[in-house]
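Q: Provided herewith is a single structure, encoded as structure tokens, for subsequent inquiry.
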Amino acid sequence: MSKKFVCGKMIYGIVAIVLFLCISPFVFPDSGKEEKQTARIVIFGDSCYGNVRDESSIASRLEGMTGVTVYNAAFGGTCAGRQDKGNRLDYSGDSLSLAALAKAVYAGDFGVQQTIRTGEEITSYFEDTIDGLENLDFSQTEIVIIGYGFNDYSTGIPRDNEENELDEYSFAGALRRSVKLLKRVNPDLRIILVTPTYSWILYSLQTCEEFDGGDGFLEQYVEKEIAVAEELGLEFIDLYHDFYPHEQWEDWELYTFDGVHPNDAGRELIAEAIAEYLEGAEK
């Protein structure tokens, strides 16, 4: 067999491989790619929305009440704003904050979030939730519900920074920046801010009207959240005022199991309030 013949076969072989590599994305467009999932409503929030994830959760009940898909992207123990002044997004409280999640959605990169391993049973859902969030097609999402506030208040994250309205280390700044990023991903996105409920801090035997987390009382965070919604032209649902009865100290037992987190009746009440708002707004 001549060298010229062998070289010719090699050249033809190389050309065939190159052509196959060029056309394979068109012939097999979905090869190696997981199909994106869709959800009409996505909920970002803290443990009031995140820690209970069965059929009695707020997200599941809202899905049943509205008849549309709801994705629960809430993580217990998190805030809207960032806390770690060392600028380390690998700190789980920061990498799962609303500010960080909105950045991840915008960049399409959840690499930092994927490194989180808490090792705690109560947060065992984190990994699967991050996987699902990473695989969510936000261009198909119609409504984002944002339910933060209590942790920002109780950990003393500043309500706002007058010198920097987009400061992620402030509650209002984190809300503003997150909304802007999510809107860039999907300009048609309908974003609804949901305030925290009236709360009781049992370990200190104080109500949220008596306990100052470091930068004020819970109602001041609620008022700031409503102000941000009005400033940005967003919808909001006020679950603080005239929602939970709180005339007597023992009223905390009606809708919460620890003064903060909603019990079964509380989750039903919150889901109903959101569903009724959505139904009324669509009429």
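The chains in the structure tokens are called A, B, ... from first to last as shown; in each chain the residues are counted from 1, and the ligands are counted from 1 in the order shown.
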Taking the backbone alone, and naming residues the way the document does, which bits of region 144-192 of chain A are helix (DSSP H, G or I) by DSSP, as a PyMOL selection string?

A: chain A and resi 150-154+171-185

Q: Within 8 Å of region 253-267 of chain A, counting only C-alpha atoms, which residues qualify if same-chain residues fewer than 4 places away don't, as an MDAnalysis selection string?

A: chainID A and resid 47:48 56:58 197:202 244 271

Q: DSSP on the backbone, then: every residue of region 131-201 of chain A marked strand (DSSP E or B), written as a ChimeraX atom specification.

A: /A:136,143-147,190-194,200-201

Q: Could you name the residues that touch Asp94 (chain A) at 7 Å or less, counting only C-alpha atoms, but leaving out those on the same chain fewer than 4 positions away, as a PyMOL selection string?

A: chain A and resi 82-84+89+100

Q: Kindly export the residues of the current selection with C-alpha atoms, as an mmCIF file, in the first residue's frame.

A:
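Final output, saved to result.cif:
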data_model
loop_
_atom_site.group_PDB
_atom_site.id
_atom_site.type_symbol
_atom_site.label_atom_id
_atom_site.label_comp_id
_atom_site.auth_asym_id
_atom_site.auth_seq_id
_atom_site.Cartn_x
_atom_site.Cartn_y
_atom_site.Cartn_z
ATOM 1 C CA ARG A 82 -25.673 40.265 52.610
ATOM 2 C CA GLN A 83 -24.032 40.004 56.023
ATOM 3 C CA ASP A 84 -20.395 39.043 55.564
ATOM 4 C CA LEU A 89 -19.781 34.826 48.823
ATOM 5 C CA ALA A 100 -26.580 36.548 45.604
#

Q: Hey, what's within 7 Å of region 103-112 of chain A if we count only C-alpha atoms and toss same-chain stuff fewer than 2 positions away? As a PyMOL selection string, please?

A: chain A and resi 90+95+99-101+114-115+134+181-182+185

Q: Can I get the selected residues back with N, CA, C and O atoms, as a PDB file, in the first residue's frame?

A:
ATOM      1  N   ASP A  90     -18.693  32.737  49.527  1.00  0.00           N
ATOM      2  CA  ASP A  90     -18.751  31.330  49.896  1.00  0.00           C
ATOM      3  C   ASP A  90     -19.377  31.143  51.278  1.00  0.00           C
ATOM      4  O   ASP A  90     -19.707  30.036  51.671  1.00  0.00           O
ATOM      5  N   SER A  95     -24.194  33.610  50.103  1.00  0.00           N
ATOM      6  CA  SER A  95     -24.359  33.007  48.783  1.00  0.00           C
ATOM      7  C   SER A  95     -25.798  32.575  48.516  1.00  0.00           C
ATOM      8  O   SER A  95     -26.184  32.374  47.365  1.00  0.00           O
ATOM      9  N   ALA A  99     -29.775  38.758  47.290  1.00  0.00           N
ATOM     10  CA  ALA A  99     -28.821  39.505  46.463  1.00  0.00           C
ATOM     11  C   ALA A  99     -27.937  38.569  45.655  1.00  0.00           C
ATOM     12  O   ALA A  99     -27.689  38.789  44.463  1.00  0.00           O
ATOM     13  N   ALA A 100     -27.455  37.491  46.290  1.00  0.00           N
ATOM     14  CA  ALA A 100     -26.580  36.548  45.604  1.00  0.00           C
ATOM     15  C   ALA A 100     -27.348  35.666  44.619  1.00  0.00           C
ATOM     16  O   ALA A 100     -26.857  35.378  43.521  1.00  0.00           O
ATOM     17  N   LEU A 101     -28.543  35.242  44.989  1.00  0.00           N
ATOM     18  CA  LEU A 101     -29.333  34.400  44.093  1.00  0.00           C
ATOM     19  C   LEU A 101     -29.734  35.151  42.832  1.00  0.00           C
ATOM     20  O   LEU A 101     -29.731  34.592  41.727  1.00  0.00           O
ATOM     21  N   GLN A 114     -23.456  25.959  44.431  1.00  0.00           N
ATOM     22  CA  GLN A 114     -23.297  24.510  44.343  1.00  0.00           C
ATOM     23  C   GLN A 114     -22.250  23.977  45.311  1.00  0.00           C
ATOM     24  O   GLN A 114     -22.188  22.769  45.564  1.00  0.00           O
ATOM     25  N   THR A 115     -21.427  24.844  45.865  1.00  0.00           N
ATOM     26  CA  THR A 115     -20.402  24.387  46.810  1.00  0.00           C
ATOM     27  C   THR A 115     -20.929  24.255  48.232  1.00  0.00           C
ATOM     28  O   THR A 115     -20.230  23.739  49.102  1.00  0.00           O
ATOM     29  N   GLU A 134     -31.042  26.277  39.315  1.00  0.00           N
ATOM     30  CA  GLU A 134     -30.078  26.414  38.227  1.00  0.00           C
ATOM     31  C   GLU A 134     -30.667  25.959  36.901  1.00  0.00           C
ATOM     32  O   GLU A 134     -30.322  26.473  35.837  1.00  0.00           O
ATOM     33  N   LEU A 181     -31.723  43.092  38.576  1.00  0.00           N
ATOM     34  CA  LEU A 181     -31.094  41.956  37.911  1.00  0.00           C
ATOM     35  C   LEU A 181     -32.138  40.983  37.365  1.00  0.00           C
ATOM     36  O   LEU A 181     -32.009  40.503  36.235  1.00  0.00           O
ATOM     37  N   LEU A 182     -33.158  40.691  38.141  1.00  0.00           N
ATOM     38  CA  LEU A 182     -34.193  39.772  37.680  1.00  0.00           C
ATOM     39  C   LEU A 182     -34.956  40.342  36.488  1.00  0.00           C
ATOM     40  O   LEU A 182     -35.339  39.614  35.567  1.00  0.00           O
ATOM     41  N   VAL A 185     -33.084  39.793  33.297  1.00  0.00           N
ATOM     42  CA  VAL A 185     -33.242  38.433  32.790  1.00  0.00           C
ATOM     43  C   VAL A 185     -34.576  38.291  32.062  1.00  0.00           C
ATOM     44  O   VAL A 185     -34.661  37.682  30.997  1.00  0.00           O
TER      45      VAL A 185
END

Q: Neighbouring residues of Val228 (chain A) were defined as those with any atom within 10 Å, considering only C-alpha atoms; residues of the same chain fewer than 6 positions away were excluded. Please report them as a ChimeraX atom specification.

A: /A:171-173,175-176,193,222,234,236

Q: Need to verify the contact set: Thr69 (chain A), 9 Å, only C-alpha atoms, exclusion of same-chain residues closer than 5 positions in sequence. Can you return it as an NGL selection string?

A: :A and (38-42 or 60 or 62-64)

Q: Could you please take those selected residues and save all heavy atoms as a PDB file, in the first residue's frame?

A:
ATOM      1  N   THR A  38     -39.795  24.616  33.895  1.00  0.00           N
ATOM      2  CA  THR A  38     -40.482  25.906  33.935  1.00  0.00           C
ATOM      3  C   THR A  38     -41.402  25.961  35.152  1.00  0.00           C
ATOM      4  O   THR A  38     -41.847  24.941  35.667  1.00  0.00           O
ATOM      5  CB  THR A  38     -41.329  26.123  32.661  1.00  0.00           C
ATOM      6  OG1 THR A  38     -42.320  25.093  32.564  1.00  0.00           O
ATOM      7  CG2 THR A  38     -40.448  26.115  31.422  1.00  0.00           C
ATOM      8  N   ALA A  39     -41.647  27.169  35.599  1.00  0.00           N
ATOM      9  CA  ALA A  39     -42.584  27.422  36.695  1.00  0.00           C
ATOM     10  C   ALA A  39     -43.181  28.798  36.473  1.00  0.00           C
ATOM     11  O   ALA A  39     -42.454  29.763  36.221  1.00  0.00           O
ATOM     12  CB  ALA A  39     -41.884  27.355  38.048  1.00  0.00           C
ATOM     13  N   ARG A  40     -44.471  28.887  36.561  1.00  0.00           N
ATOM     14  CA  ARG A  40     -45.121  30.175  36.343  1.00  0.00           C
ATOM     15  C   ARG A  40     -44.827  31.137  37.499  1.00  0.00           C
ATOM     16  O   ARG A  40     -44.683  32.341  37.291  1.00  0.00           O
ATOM     17  CB  ARG A  40     -46.637  29.993  36.195  1.00  0.00           C
ATOM     18  CG  ARG A  40     -47.345  31.295  35.877  1.00  0.00           C
ATOM     19  CD  ARG A  40     -48.821  31.081  35.621  1.00  0.00           C
ATOM     20  NE  ARG A  40     -49.525  32.341  35.492  1.00  0.00           N
ATOM     21  CZ  ARG A  40     -50.844  32.453  35.366  1.00  0.00           C
ATOM     22  NH1 ARG A  40     -51.604  31.372  35.345  1.00  0.00           N
ATOM     23  NH2 ARG A  40     -51.408  33.637  35.277  1.00  0.00           N
ATOM     24  N   ILE A  41     -44.733  30.586  38.725  1.00  0.00           N
ATOM     25  CA  ILE A  41     -44.441  31.396  39.909  1.00  0.00           C
ATOM     26  C   ILE A  41     -43.200  30.851  40.593  1.00  0.00           C
ATOM     27  O   ILE A  41     -43.063  29.639  40.770  1.00  0.00           O
ATOM     28  CB  ILE A  41     -45.619  31.384  40.904  1.00  0.00           C
ATOM     29  CG1 ILE A  41     -46.892  31.954  40.262  1.00  0.00           C
ATOM     30  CG2 ILE A  41     -45.271  32.166  42.168  1.00  0.00           C
ATOM     31  CD1 ILE A  41     -48.137  31.841  41.147  1.00  0.00           C
ATOM     32  N   VAL A  42     -42.289  31.730  40.963  1.00  0.00           N
ATOM     33  CA  VAL A  42     -41.102  31.351  41.741  1.00  0.00           C
ATOM     34  C   VAL A  42     -41.113  32.151  43.032  1.00  0.00           C
ATOM     35  O   VAL A  42     -41.338  33.367  43.016  1.00  0.00           O
ATOM     36  CB  VAL A  42     -39.796  31.632  40.962  1.00  0.00           C
ATOM     37  CG1 VAL A  42     -38.575  31.360  41.850  1.00  0.00           C
ATOM     38  CG2 VAL A  42     -39.734  30.778  39.701  1.00  0.00           C
ATOM     39  N   SER A  60     -46.732  24.778  47.977  1.00  0.00           N
ATOM     40  CA  SER A  60     -47.621  23.715  47.507  1.00  0.00           C
ATOM     41  C   SER A  60     -49.083  24.131  47.597  1.00  0.00           C
ATOM     42  O   SER A  60     -49.885  23.858  46.699  1.00  0.00           O
ATOM     43  CB  SER A  60     -47.398  22.435  48.323  1.00  0.00           C
ATOM     44  OG  SER A  60     -46.118  21.911  48.082  1.00  0.00           O
ATOM     45  N   LEU A  62     -50.204  27.200  47.530  1.00  0.00           N
ATOM     46  CA  LEU A  62     -50.443  28.235  46.524  1.00  0.00           C
ATOM     47  C   LEU A  62     -50.620  27.600  45.151  1.00  0.00           C
ATOM     48  O   LEU A  62     -51.469  28.039  44.357  1.00  0.00           O
ATOM     49  CB  LEU A  62     -49.270  29.219  46.512  1.00  0.00           C
ATOM     50  CG  LEU A  62     -49.386  30.405  45.557  1.00  0.00           C
ATOM     51  CD1 LEU A  62     -50.604  31.265  45.908  1.00  0.00           C
ATOM     52  CD2 LEU A  62     -48.125  31.258  45.606  1.00  0.00           C
ATOM     53  N   GLU A  63     -49.842  26.572  44.866  1.00  0.00           N
ATOM     54  CA  GLU A  63     -49.978  25.862  43.598  1.00  0.00           C
ATOM     55  C   GLU A  63     -51.367  25.250  43.473  1.00  0.00           C
ATOM     56  O   GLU A  63     -52.004  25.329  42.419  1.00  0.00           O
ATOM     57  CB  GLU A  63     -48.901  24.787  43.502  1.00  0.00           C
ATOM     58  CG  GLU A  63     -48.826  24.103  42.148  1.00  0.00           C
ATOM     59  CD  GLU A  63     -47.581  23.241  42.012  1.00  0.00           C
ATOM     60  OE1 GLU A  63     -47.650  22.066  42.427  1.00  0.00           O
ATOM     61  OE2 GLU A  63     -46.555  23.732  41.513  1.00  0.00           O
ATOM     62  N   GLY A  64     -51.851  24.646  44.563  1.00  0.00           N
ATOM     63  CA  GLY A  64     -53.180  24.055  44.534  1.00  0.00           C
ATOM     64  C   GLY A  64     -54.281  25.085  44.395  1.00  0.00           C
ATOM     65  O   GLY A  64     -55.286  24.845  43.721  1.00  0.00           O
TER      66      GLY A  64
END

Q: Which residue is closest to Glu250 (chain A)? Choose from A:Ser97, A:Thr207, A:Asn164, A:Ser170 and count only C-alpha atoms.

A: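 Closest to Glu250 (chain A), using only C-alpha atoms: A:Thr207.
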
Q: Need to verify the contact set: Tyr49 (chain A), 6 Å, only C-alpha atoms, exclusion of same-chain residues closer than 3 positions in sequence. Can you return it as a ChimeraX atom specification?

A: /A:45-46,74

Q: State, in Å with one decimal place, the distance from CA of Gly213 (chain A) to CA of Asp152 (chain A).

A: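 These atoms are spaced 8.5 Å apart.
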
Q: What is the CA of Arg61 (chain A)-CA of Ala273 (chain A) distance in Å, reported with one decimal?

A: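 CA of Ala273 (chain A) lies at a distance of 11.2 Å from CA of Arg61 (chain A).
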